[in-house]
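*Asks:* To be precise about what I am sending: the file is called run-v2.csv and holds CSV, C-alpha atoms.
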```csv
chain,number,residue,atom,x,y,z
A,1,MET,CA,0.0,0.0,0.0
A,2,LYS,CA,2.8,2.4,0.9
A,3,LYS,CA,4.5,1.8,-2.5
A,4,LYS,CA,1.2,2.7,-4.3
A,5,ILE,CA,0.9,6.0,-2.3
A,6,ILE,CA,4.4,7.0,-3.2
A,7,THR,CA,3.9,6.2,-6.8
A,8,PHE,CA,0.6,8.1,-6.9
A,9,THR,CA,2.3,11.2,-5.3
A,10,ALA,CA,5.1,11.1,-7.9
A,11,LEU,CA,2.6,10.8,-10.7
A,12,THR,CA,0.5,13.6,-9.3
A,13,LEU,CA,3.5,15.8,-9.3
A,14,MET,CA,4.8,14.8,-12.8
A,15,LEU,CA,2.2,13.2,-15.0
A,16,SER,CA,-1.3,12.6,-13.9
A,17,ASN,CA,-2.6,16.1,-14.6
A,18,GLN,CA,-0.5,18.1,-17.1
A,19,SER,CA,-2.6,21.2,-16.4
A,20,GLU,CA,-1.3,21.3,-12.9
A,21,ALA,CA,2.3,20.2,-13.6
A,22,ARG,CA,5.0,22.8,-12.8
A,23,ASP,CA,8.4,23.5,-14.3
A,24,GLN,CA,9.0,26.5,-12.0
A,25,ILE,CA,10.0,26.5,-8.2
A,26,LYS,CA,7.3,27.9,-5.9
A,27,ILE,CA,8.5,29.6,-2.8
A,28,VAL,CA,6.6,31.3,0.0
A,29,GLY,CA,7.3,32.7,3.5
A,30,SER,CA,9.2,35.4,5.4
A,31,SER,CA,9.2,39.0,4.3
A,32,THR,CA,12.6,39.4,5.9
A,33,VAL,CA,14.1,36.5,3.9
A,34,TYR,CA,12.2,37.5,0.8
A,35,PRO,CA,14.7,40.1,-0.6
A,36,PHE,CA,17.6,37.6,-0.1
A,37,ALA,CA,15.7,34.8,-1.8
A,38,THR,CA,14.7,37.1,-4.6
A,39,VAL,CA,18.3,38.0,-5.4
A,40,VAL,CA,19.2,34.3,-5.4
A,41,ALA,CA,16.2,33.4,-7.6
A,42,GLU,CA,17.0,36.1,-10.2
A,43,ARG,CA,20.7,35.0,-10.4
A,44,PHE,CA,19.6,31.4,-10.6
A,45,GLY,CA,17.1,32.1,-13.4
A,46,LYS,CA,19.8,33.9,-15.4
A,47,THR,CA,22.6,31.4,-15.0
A,48,SER,CA,21.2,27.9,-14.4
A,49,GLY,CA,19.1,27.1,-17.4
A,50,PHE,CA,16.0,26.7,-15.1
A,51,LYS,CA,13.2,29.2,-14.9
A,52,THR,CA,13.3,31.9,-12.2
A,53,PRO,CA,11.5,30.7,-9.1
A,54,VAL,CA,8.2,32.4,-8.1
A,55,ILE,CA,8.4,33.9,-4.6
A,56,GLU,CA,5.5,35.1,-2.5
A,57,SER,CA,6.0,37.1,0.7
A,58,THR,CA,3.4,35.6,3.1
A,59,GLY,CA,5.2,35.9,6.5
A,60,SER,CA,6.9,33.0,8.2
A,61,GLY,CA,3.9,31.6,9.9
A,62,GLY,CA,1.7,31.9,6.8
A,63,GLY,CA,4.5,30.3,4.6
A,64,LEU,CA,4.9,27.3,6.9
A,65,LYS,CA,1.2,26.8,6.9
A,66,LEU,CA,1.1,26.7,3.1
A,67,PHE,CA,4.2,24.6,3.0
A,68,CYS,CA,2.8,22.0,5.4
A,69,ASN,CA,-0.6,21.7,3.7
A,70,GLY,CA,0.5,18.7,1.6
A,71,LEU,CA,2.4,17.3,-1.3
A,72,GLY,CA,1.6,18.1,-5.0
A,73,THR,CA,2.1,20.9,-7.5
A,74,GLN,CA,-0.6,23.0,-5.8
A,75,HIS,CA,1.7,23.3,-2.7
A,76,PRO,CA,5.0,25.3,-2.4
A,77,ASP,CA,8.4,23.6,-2.7
A,78,ILE,CA,10.2,25.8,-0.3
A,79,THR,CA,9.3,28.2,2.5
A,80,ASN,CA,11.4,31.0,4.0
A,81,ALA,CA,11.4,31.7,7.7
A,82,SER,CA,12.8,34.4,10.0
A,83,ARG,CA,12.5,32.0,12.9
A,84,ARG,CA,13.0,28.2,13.3
A,85,ILE,CA,10.0,26.0,12.5
A,86,LYS,CA,7.9,25.1,15.6
A,87,MET,CA,7.1,21.6,16.8
A,88,LYS,CA,3.4,22.1,16.1
A,89,GLU,CA,4.2,23.0,12.5
A,90,VAL,CA,6.4,19.9,12.1
A,91,LYS,CA,3.4,17.8,13.3
A,92,ASN,CA,1.1,19.6,10.9
A,93,CYS,CA,3.5,18.8,8.1
A,94,GLU,CA,3.6,15.2,9.1
A,95,LYS,CA,-0.2,14.9,9.4
A,96,ASN,CA,-0.4,16.1,5.8
A,97,GLY,CA,2.2,13.8,4.4
A,98,VAL,CA,5.1,16.2,4.4
A,99,LYS,CA,7.4,14.0,6.4
A,100,ASP,CA,10.8,14.7,4.9
A,101,ILE,CA,12.1,18.3,5.0
A,102,THR,CA,15.5,19.9,5.1
A,103,GLU,CA,16.3,23.0,7.3
A,104,ILE,CA,18.8,25.5,5.9
A,105,LYS,CA,20.1,28.4,8.0
A,106,ILE,CA,21.4,31.1,5.8
A,107,GLY,CA,22.6,33.8,8.2
A,108,TYR,CA,21.7,36.2,10.9
A,109,ASP,CA,19.5,39.3,11.2
A,110,GLY,CA,18.8,41.9,13.8
A,111,ILE,CA,15.4,43.4,14.5
A,112,ALA,CA,15.8,47.1,14.2
A,113,PHE,CA,13.8,49.9,15.8
A,114,ALA,CA,13.9,53.0,13.6
A,115,ASN,CA,12.2,56.3,12.8
A,116,ALA,CA,12.4,59.0,10.2
A,117,LYS,CA,15.7,60.9,10.1
A,118,SER,CA,13.8,64.1,10.9
A,119,GLY,CA,12.2,62.6,14.0
A,120,PRO,CA,13.4,62.4,17.6
A,121,THR,CA,16.3,60.2,18.7
A,122,PHE,CA,15.4,57.1,20.7
A,123,ASP,CA,17.9,55.4,23.1
A,124,LEU,CA,15.9,52.4,24.3
A,125,THR,CA,16.3,49.5,26.7
A,126,LEU,CA,14.5,46.2,26.5
A,127,ARG,CA,12.6,47.2,29.6
A,128,ASP,CA,11.4,50.4,27.8
A,129,LEU,CA,10.1,48.4,24.9
A,130,TYR,CA,8.3,46.0,27.1
A,131,LEU,CA,6.6,48.7,29.1
A,132,ALA,CA,5.7,50.6,26.0
A,133,LEU,CA,4.2,47.7,24.0
A,134,ALA,CA,3.2,44.8,26.3
A,135,LYS,CA,-0.6,44.3,26.7
A,136,GLU,CA,-0.1,43.9,30.5
A,137,ILE,CA,2.7,45.3,32.6
A,138,PRO,CA,3.7,45.0,36.3
A,139,ALA,CA,1.4,46.6,38.8
A,140,ASP,CA,4.2,46.8,41.4
A,141,THR,CA,7.9,47.3,41.4
A,142,GLU,CA,8.7,43.6,41.6
A,143,GLY,CA,6.3,42.5,38.9
A,144,ASP,CA,4.3,40.1,41.1
A,145,GLU,CA,1.0,41.3,39.7
A,146,VAL,CA,0.0,42.8,36.3
A,147,LYS,CA,-2.4,45.5,35.0
A,148,ALA,CA,-3.5,46.7,31.6
A,149,ASN,CA,-0.8,48.9,30.0
A,150,PRO,CA,-1.7,52.6,30.8
A,151,PHE,CA,1.2,54.3,29.1
A,152,LYS,CA,0.5,56.6,26.2
A,153,MET,CA,3.8,58.7,26.1
A,154,TRP,CA,7.4,57.5,25.9
A,155,ASN,CA,8.5,59.8,28.7
A,156,GLU,CA,6.0,58.3,31.0
A,157,ILE,CA,8.0,55.1,30.8
A,158,ASN,CA,11.4,56.7,31.0
A,159,PRO,CA,12.0,60.5,31.5
A,160,LYS,CA,15.0,60.3,29.2
A,161,LEU,CA,12.8,59.3,26.3
A,162,PRO,CA,11.1,61.9,24.0
A,163,ALA,CA,7.9,63.5,25.2
A,164,LYS,CA,6.1,61.9,22.2
A,165,PRO,CA,3.1,59.6,21.9
A,166,ILE,CA,3.8,55.9,21.7
A,167,VAL,CA,3.2,54.8,18.1
A,168,VAL,CA,5.0,51.7,16.9
A,169,ILE,CA,4.4,50.3,13.4
A,170,GLY,CA,5.3,46.7,12.9
A,171,PRO,CA,4.5,43.2,11.5
A,172,PRO,CA,1.4,41.1,12.2
A,173,PRO,CA,1.2,37.8,14.2
A,174,THR,CA,1.8,35.8,11.0
A,175,SER,CA,5.3,37.3,10.7
A,176,GLY,CA,8.5,35.6,12.0
A,177,THR,CA,9.7,39.1,12.8
A,178,ARG,CA,6.8,39.5,15.1
A,179,ASP,CA,7.5,36.2,16.8
A,180,ALA,CA,11.1,37.1,17.2
A,181,PHE,CA,10.2,40.6,18.4
A,182,ASN,CA,7.9,39.2,21.1
A,183,GLU,CA,10.5,36.7,22.3
A,184,LEU,CA,13.7,38.7,22.0
A,185,ALA,CA,12.5,42.2,23.0
A,186,ILE,CA,9.2,42.0,24.8
A,187,GLU,CA,9.9,38.9,26.8
A,188,LYS,CA,13.4,39.9,27.7
A,189,GLY,CA,12.1,43.2,28.9
A,190,CYS,CA,9.5,41.4,31.0
A,191,LYS,CA,12.2,39.2,32.6
A,192,THR,CA,13.9,42.3,34.1
A,193,PHE,CA,11.1,42.2,36.8
A,194,PRO,CA,11.8,39.4,39.4
A,195,GLY,CA,8.2,38.6,39.8
A,196,ARG,CA,7.8,37.7,36.2
A,197,ASN,CA,10.8,35.3,36.4
A,198,ALA,CA,9.2,33.7,39.4
A,199,LEU,CA,5.9,33.2,37.4
A,200,LYS,CA,7.9,31.4,34.7
A,201,LYS,CA,8.8,28.7,37.2
A,202,LYS,CA,5.2,28.4,38.5
A,203,ASP,CA,3.1,28.6,35.3
A,204,LYS,CA,5.1,28.7,32.1
A,205,GLN,CA,2.0,29.1,29.9
A,206,LEU,CA,0.7,32.1,31.9
A,207,TYR,CA,4.1,33.6,31.9
A,208,LYS,CA,4.3,33.3,28.1
A,209,SER,CA,0.9,34.8,27.5
A,210,GLN,CA,1.7,37.7,29.9
A,211,CYS,CA,5.3,38.3,28.8
A,212,ARG,CA,4.8,38.1,25.0
A,213,ALA,CA,1.4,39.6,24.3
A,214,ILE,CA,1.4,43.0,22.5
A,215,ARG,CA,-1.1,45.7,23.4
A,216,GLU,CA,-4.2,45.9,21.2
A,217,ASP,CA,-5.3,49.5,21.9
A,218,GLY,CA,-4.0,51.0,18.7
A,219,LEU,CA,-0.6,52.1,19.9
A,220,TYR,CA,1.0,49.2,18.1
A,221,VAL,CA,0.0,49.4,14.4
A,222,GLU,CA,0.1,46.3,12.3
A,223,ALA,CA,1.4,47.1,8.8
A,224,GLY,CA,1.0,43.7,7.1
A,225,GLU,CA,3.9,41.7,5.6
A,226,ASN,CA,5.3,44.5,3.5
A,227,ASP,CA,8.3,46.1,5.3
A,228,ASN,CA,8.5,48.7,2.6
A,229,LEU,CA,5.1,49.9,3.8
A,230,ILE,CA,6.5,50.4,7.3
A,231,ILE,CA,9.2,52.7,5.8
A,232,GLU,CA,6.6,54.8,4.0
A,233,LYS,CA,4.5,55.2,7.2
A,234,LEU,CA,7.6,56.3,9.2
A,235,VAL,CA,8.4,58.9,6.6
A,236,ALA,CA,4.8,60.2,6.9
A,237,ASN,CA,5.0,60.2,10.7
A,238,PRO,CA,8.5,61.1,12.0
A,239,ASP,CA,7.5,60.5,15.6
A,240,ALA,CA,6.6,56.8,15.0
A,241,LEU,CA,8.9,53.9,15.5
A,242,GLY,CA,9.1,51.0,13.1
A,243,VAL,CA,10.0,47.4,13.7
A,244,PHE,CA,11.7,45.5,10.8
A,245,GLY,CA,14.8,43.5,9.9
A,246,TYR,CA,18.3,44.9,9.6
A,247,SER,CA,18.4,44.5,5.9
A,248,PHE,CA,15.5,47.0,5.4
A,249,LEU,CA,17.3,49.4,7.7
A,250,ASP,CA,20.5,49.0,5.7
A,251,GLN,CA,18.6,49.6,2.4
A,252,ASN,CA,16.8,52.7,3.7
A,253,LYS,CA,19.5,54.6,5.6
A,254,ASP,CA,18.6,57.7,3.6
A,255,LYS,CA,15.1,57.7,5.1
A,256,VAL,CA,15.3,56.3,8.6
A,257,LYS,CA,17.7,56.1,11.6
A,258,ALA,CA,18.1,53.3,14.0
A,259,SER,CA,17.6,53.4,17.8
A,260,LYS,CA,20.0,52.0,20.3
A,261,VAL,CA,18.8,49.0,22.3
A,262,ASP,CA,20.6,48.6,25.6
A,263,ASN,CA,23.3,51.0,24.3
A,264,VAL,CA,24.0,49.0,21.1
A,265,PHE,CA,23.1,50.0,17.6
A,266,PRO,CA,21.8,47.3,15.1
A,267,GLU,CA,25.0,47.2,13.1
A,268,PHE,CA,26.6,44.3,11.1
A,269,GLU,CA,29.4,43.4,13.7
A,270,ALA,CA,27.1,43.8,16.7
A,271,ILE,CA,24.5,41.4,15.2
A,272,SER,CA,27.1,38.9,14.1
A,273,SER,CA,28.7,38.8,17.5
A,274,GLY,CA,25.4,38.7,19.4
A,275,GLU,CA,26.2,41.9,21.2
A,276,TYR,CA,23.0,43.5,19.8
A,277,PRO,CA,20.3,42.0,22.0
A,278,VAL,CA,17.5,41.6,19.4
A,279,SER,CA,19.3,39.3,16.9
A,280,ARG,CA,17.9,36.1,15.3
A,281,SER,CA,18.7,33.4,12.7
A,282,LEU,CA,17.2,33.2,9.2
A,283,PHE,CA,16.1,29.9,7.5
A,284,PHE,CA,14.4,28.2,4.6
A,285,TYR,CA,12.9,24.8,4.5
A,286,VAL,CA,12.8,22.4,1.5
A,287,LYS,CA,10.1,19.8,0.8
A,288,ASN,CA,12.3,16.9,-0.2
A,289,ALA,CA,9.5,14.9,-2.0
A,290,HIS,CA,9.4,17.8,-4.4
A,291,ALA,CA,13.1,18.2,-4.9
A,292,SER,CA,13.4,15.2,-7.2
A,293,VAL,CA,10.4,16.1,-9.2
A,294,ILE,CA,10.1,19.9,-9.6
A,295,PRO,CA,12.9,21.0,-12.0
A,296,GLY,CA,15.7,23.1,-10.3
A,297,VAL,CA,14.9,22.7,-6.6
A,298,LYS,CA,18.2,20.9,-5.8
A,299,GLN,CA,20.2,23.3,-7.9
A,300,TYR,CA,18.5,26.4,-6.3
A,301,VAL,CA,19.3,25.0,-2.8
A,302,ARG,CA,22.9,24.6,-3.8
A,303,GLU,CA,23.0,28.1,-5.2
A,304,PHE,CA,21.6,29.6,-2.0
A,305,THR,CA,23.9,27.6,0.3
A,306,SER,CA,27.1,28.3,-1.7
A,307,SER,CA,30.0,30.5,-0.4
A,308,LYS,CA,29.4,32.8,-3.4
A,309,SER,CA,25.9,33.5,-2.0
A,310,ILE,CA,26.1,33.5,1.8
A,311,GLY,CA,29.9,33.3,2.4
A,312,ASN,CA,31.8,36.2,4.0
A,313,GLU,CA,32.3,37.7,0.5
A,314,GLY,CA,29.0,36.5,-0.9
A,315,TYR,CA,26.7,38.6,-2.9
A,316,LEU,CA,24.0,38.6,-0.2
A,317,ILE,CA,26.2,40.2,2.3
A,318,SER,CA,26.0,43.5,0.4
A,319,LYS,CA,22.2,43.2,0.6
A,320,GLY,CA,22.3,43.2,4.5
A,321,LEU,CA,22.6,39.5,5.3
A,322,ILE,CA,24.9,38.8,8.4
A,323,PRO,CA,27.0,35.7,7.5
A,324,LEU,CA,27.2,32.5,9.5
A,325,PRO,CA,30.6,31.4,11.0
A,326,LYS,CA,32.5,29.3,8.4
A,327,SER,CA,32.0,26.0,10.2
A,328,GLU,CA,28.3,26.5,10.5
A,329,ARG,CA,27.9,27.6,6.9
A,330,ALA,CA,29.8,24.5,5.8
A,331,LYS,CA,27.3,22.3,7.7
A,332,PHE,CA,24.3,23.8,6.0
A,333,GLU,CA,26.1,23.8,2.6
A,334,LYS,CA,26.5,20.0,3.1
A,335,ASP,CA,22.9,19.6,4.3
A,336,GLY,CA,21.8,21.5,1.1
A,337,LYS,CA,23.7,19.1,-1.2
A,338,THR,CA,22.4,16.0,0.6
A,339,LEU,CA,19.0,17.3,1.5
A,340,ALA,CA,19.5,16.1,5.1
A,341,LYS,CA,16.3,15.3,6.9
A,342,PHE,CA,15.4,17.8,9.7
A,343,ASP,CA,15.9,16.4,13.1
A,344,GLU,CA,12.9,17.5,15.1
A,345,ASN,CA,14.7,16.6,18.4
A,346,LEU,CA,16.5,20.0,17.9
A,347,LEU,CA,13.2,21.6,18.9
A,348,LYS,CA,13.1,19.8,22.2
A,349,LYS,CA,16.4,21.3,23.4
```
Show this structure as structure tokens.
*Replies:*
Amino acid sequence: MKKKIITFTALTLMLSNQSEARDQIKIVGSSTVYPFATVVAERFGKTSGFKTPVIESTGSGGGLKLFCNGLGTQHPDITNASRRIKMKEVKNCEKNGVKDITEIKIGYDGIAFANAKSGPTFDLTLRDLYLALAKEIPADTEGDEVKANPFKMWNEINPKLPAKPIVVIGPPPTSGTRDAFNELAIEKGCKTFPGRNALKKKDKQLYKSQCRAIREDGLYVEAGENDNLIIEKLVANPDALGVFGYSFLDQNKDKVKASKVDNVFPEFEAISSGEYPVSRSLFFYVKNAHASVIPGVKQYVREFTSSKSIGNEGYLISKGLIPLPKSERAKFEKDGKTLAKFDENLLKK
């Protein structure tokens, strides 16, 4: 029976319905990884003899949902992600027959907080970001109890901050940038209160819901999956802060300026070393059942994992990608060549 299922899947992909057959790679996922993947896809299309892959920016969560929906030409071959896949997403993949995937880490990125060059200067701490944007904040100095966030002005949180209304424009819940922002900025700020740390030991689920939830009263404005739209909104409102990946900051330095976080600017070396506190890894995931059927998948993966692409002198570095250490890059280059199966035990560590 198992052999028949595999044969049917292959025929579905290749032969059974020519109207659905594809000779072009389909990629979805992260808006942060999107510009890097687009550069690789364009070069690949010009030099490989295969068609240029079609890439859609759906956000990390949205991309992984589409990716895990099943096998067949109606489903994407690759999904980009600005965070690692979650165990519940792996289980959803397996439930839908997507049981063999390869994880590729391409480099690092920092989440930047920036505003228009004509606006005020922000020198933030993780605690400032938490108090400004969390749905609930400590009701006492220790953080034993919480209350609805009452703050409307930055200087109410910290007198050193501008006397400006809190307006932060950022990604929606489907975005990997939002996931990373919640975990690396909001939760880290929450943990500066002893009572919140104590809660983590008592009730981890309650702790996560209280230490990662973003306020919903209009002061945090969701701008969709288009980071360029955030830049436009910042130019229109110089007092607003935007949340997006380092690469977009790097590409728009003529329009926006970065804020310090815990006295560190989001710069190449600071993100690479981990000194910048809001740094994260960038990935893409390959559906291996498609790799031997959809033309060019294996070759695209090799292009994206090559030293000429993501090495220290690679063409993506000039686009804002922070490179992996040499040994780590070599591992993922090898995984890309062999399409090594993802070890879900990594998610349990």
*Asks:* What lies within 12 Å of Lys160 in chain A using all atoms listed in the file, ignoring chain neighbours under 2 positions off, as a short mmCIF file (atom, residue, chain, number, x, y, z; two decimals) with C-alpha atoms, keeping the file's coordinate frame?
*Replies:*
```
data_model
loop_
_atom_site.label_atom_id
_atom_site.label_comp_id
_atom_site.auth_asym_id
_atom_site.auth_seq_id
_atom_site.Cartn_x
_atom_site.Cartn_y
_atom_site.Cartn_z
CA PRO A 120 13.40 62.40 17.60
CA THR A 121 16.30 60.20 18.70
CA PHE A 122 15.40 57.10 20.70
CA ASP A 123 17.90 55.40 23.10
CA LEU A 124 15.90 52.40 24.30
CA THR A 125 16.30 49.50 26.70
CA ASP A 128 11.40 50.40 27.80
CA MET A 153 3.80 58.70 26.10
CA TRP A 154 7.40 57.50 25.90
CA ASN A 155 8.50 59.80 28.70
CA GLU A 156 6.00 58.30 31.00
CA ILE A 157 8.00 55.10 30.80
CA ASN A 158 11.40 56.70 31.00
CA PRO A 162 11.10 61.90 24.00
CA ALA A 163 7.90 63.50 25.20
CA LYS A 164 6.10 61.90 22.20
#
```
*Asks:* For Ala340 in chain A, which residue out of A:Glu187, A:Asp100, A:Glu303, A:Glu267 is the nearest one, using all atoms listed in the file?
*Replies:*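 Looking at the shortest contact to Ala340 in chain A, the residue is A:Asp100.
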*Asks:* Between A:Ala41, A:Leu347, A:Ile271, A:Val235, which one has atoms that come closest to Pro323 in chain A, using only C-alpha atoms?
*Replies:* A:Ile271
*Asks:* Between CA of Ile55 in chain A and CA of Ala291 in chain A, what is the distance, to one decimal in Å?
*Replies:*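 We find that CA of Ile55 in chain A and CA of Ala291 in chain A lie 16.4 Å from each other.
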*Asks:* Counting all atoms listed in the file, find residues at most 12 Å from (3.4, 47.5, 36.9) (file frame) and give them as a list of chain:residue names.
*Replies:*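 Checking each residue against the 12 Å limit leaves A:Arg127, A:Tyr130, A:Leu131, A:Ala132, A:Ala134, A:Lys135, A:Glu136, A:Ile137, A:Pro138, A:Ala139, A:Asp140, A:Thr141, A:Glu142, A:Gly143, A:Asp144, A:Glu145, A:Val146, A:Lys147, A:Ala148, A:Asn149, A:Pro150, A:Phe151, A:Ile157, A:Cys190, A:Phe193, A:Pro194, A:Gly195, A:Arg196.
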*Asks:* Each residue of range 245-332 of chain A lying at most 10 Å from range 219-229 of chain A should get a row with its shortest atom-to-atom pair and the distance in Å to one decimal, counting all atoms listed in the file; could you produce that, ordered by chain and increasing number, as a Markdown table?
*Replies:*
```
| residue | atom | partner | partner_atom | distance |
| --- | --- | --- | --- | --- |
| A:Gly245 | CA | A:Asp227 | CA | 8.4 |
| A:Phe248 | CA | A:Asp227 | CA | 7.3 |
| A:Leu249 | CA | A:Asp227 | CA | 9.9 |
| A:Asn252 | CA | A:Asn228 | CA | 9.3 |
```
*Asks:* Find the nearest atom pair between each residue of range 61-153 of chain A and range 325-331 of chain A for residues within 12 Å, count all atoms listed in the file, give distances in Å to one decimal, sort rows by chain and ascending number, and present the table as JSON lines.
*Replies:*
```
{"residue": "A:Glu103", "atom": "CA", "partner": "A:Lys331", "partner_atom": "CA", "distance": 11.0}
{"residue": "A:Ile104", "atom": "CA", "partner": "A:Lys331", "partner_atom": "CA", "distance": 9.3}
{"residue": "A:Lys105", "atom": "CA", "partner": "A:Arg329", "partner_atom": "CA", "distance": 7.9}
{"residue": "A:Ile106", "atom": "CA", "partner": "A:Arg329", "partner_atom": "CA", "distance": 7.5}
{"residue": "A:Gly107", "atom": "CA", "partner": "A:Arg329", "partner_atom": "CA", "distance": 8.3}
{"residue": "A:Tyr108", "atom": "CA", "partner": "A:Pro325", "partner_atom": "CA", "distance": 10.1}
```
*Asks:* Would you please work out which residue, of A:Lys188, A:Ile85, A:Ser306, A:Thr177, is nearest to Lys348 in chain A when using only C-alpha atoms?
*Replies:*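 Ranked by minimum distance to Lys348 in chain A, first place goes to A:Ile85.
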*Asks:* Between CA of Val33 in chain A and CA of Arg84 in chain A, what distance in Å does the model show, to one decimal?
*Replies:*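 That distance, rounded to one decimal, is 12.6 Å.
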*Asks:* Mind pulling up the distance from CA of Gly29 in chain A to CA of Gly72 in chain A?
*Replies:*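 Calculated distance between CA of Gly72 in chain A and CA of Gly29 in chain A is 17.8 Å.
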*Asks:* Choose the residue, out of A:Glu344, A:Asp335, A:Glu56, A:Asp109, that has the smallest atom-to-atom separation from Val286 in chain A; count only C-alpha atoms.
*Replies:*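 The shortest atom-to-atom distance to Val286 in chain A comes from A:Asp335.
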*Asks:* Do you know which residues are at most 8 Å from Ile230 in chain A counting only C-alpha atoms, after dropping those on the same chain fewer than 3 positions away, and could you put them as a list in words?
*Replies:* Ile169, Gly170, Ala223, Asn226, Asp227, Lys233, Leu234, Gly242, Val243 and Phe244 of chain A
*Asks:* Between A:Gly59, A:Thr305, A:Leu199, A:Ser318, which is the closest to Thr338 in chain A once you count all atoms listed in the file?
*Replies:*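 Nearest candidate to Thr338 in chain A out of A:Gly59, A:Thr305, A:Leu199, A:Ser318: A:Thr305.
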*Asks:* Find the residue from A:Lys117, A:Lys334, A:Lys95, A:Arg280 that sits nearest to Lys257 in chain A; use all atoms listed in the file when measuring.
*Replies:*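 Closest candidate: A:Lys117.
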*Asks:* Using all atoms listed in the file, determine which residues lie at most 10 Å from Val28 in chain A, disregarding the query and same-chain residues fewer than 4 positions distant; provide the list as a list in words.
*Replies:* Val33, Tyr34, Ala37, Val54, Ile55, Glu56, Ser57, Thr58, Gly59, Ser60, Gly62, Gly63, Leu64, Lys65, Leu66, Phe67, His75, Pro76, Asp77, Ile78, Thr79, Asn80, Ala81 and Phe284 of chain A
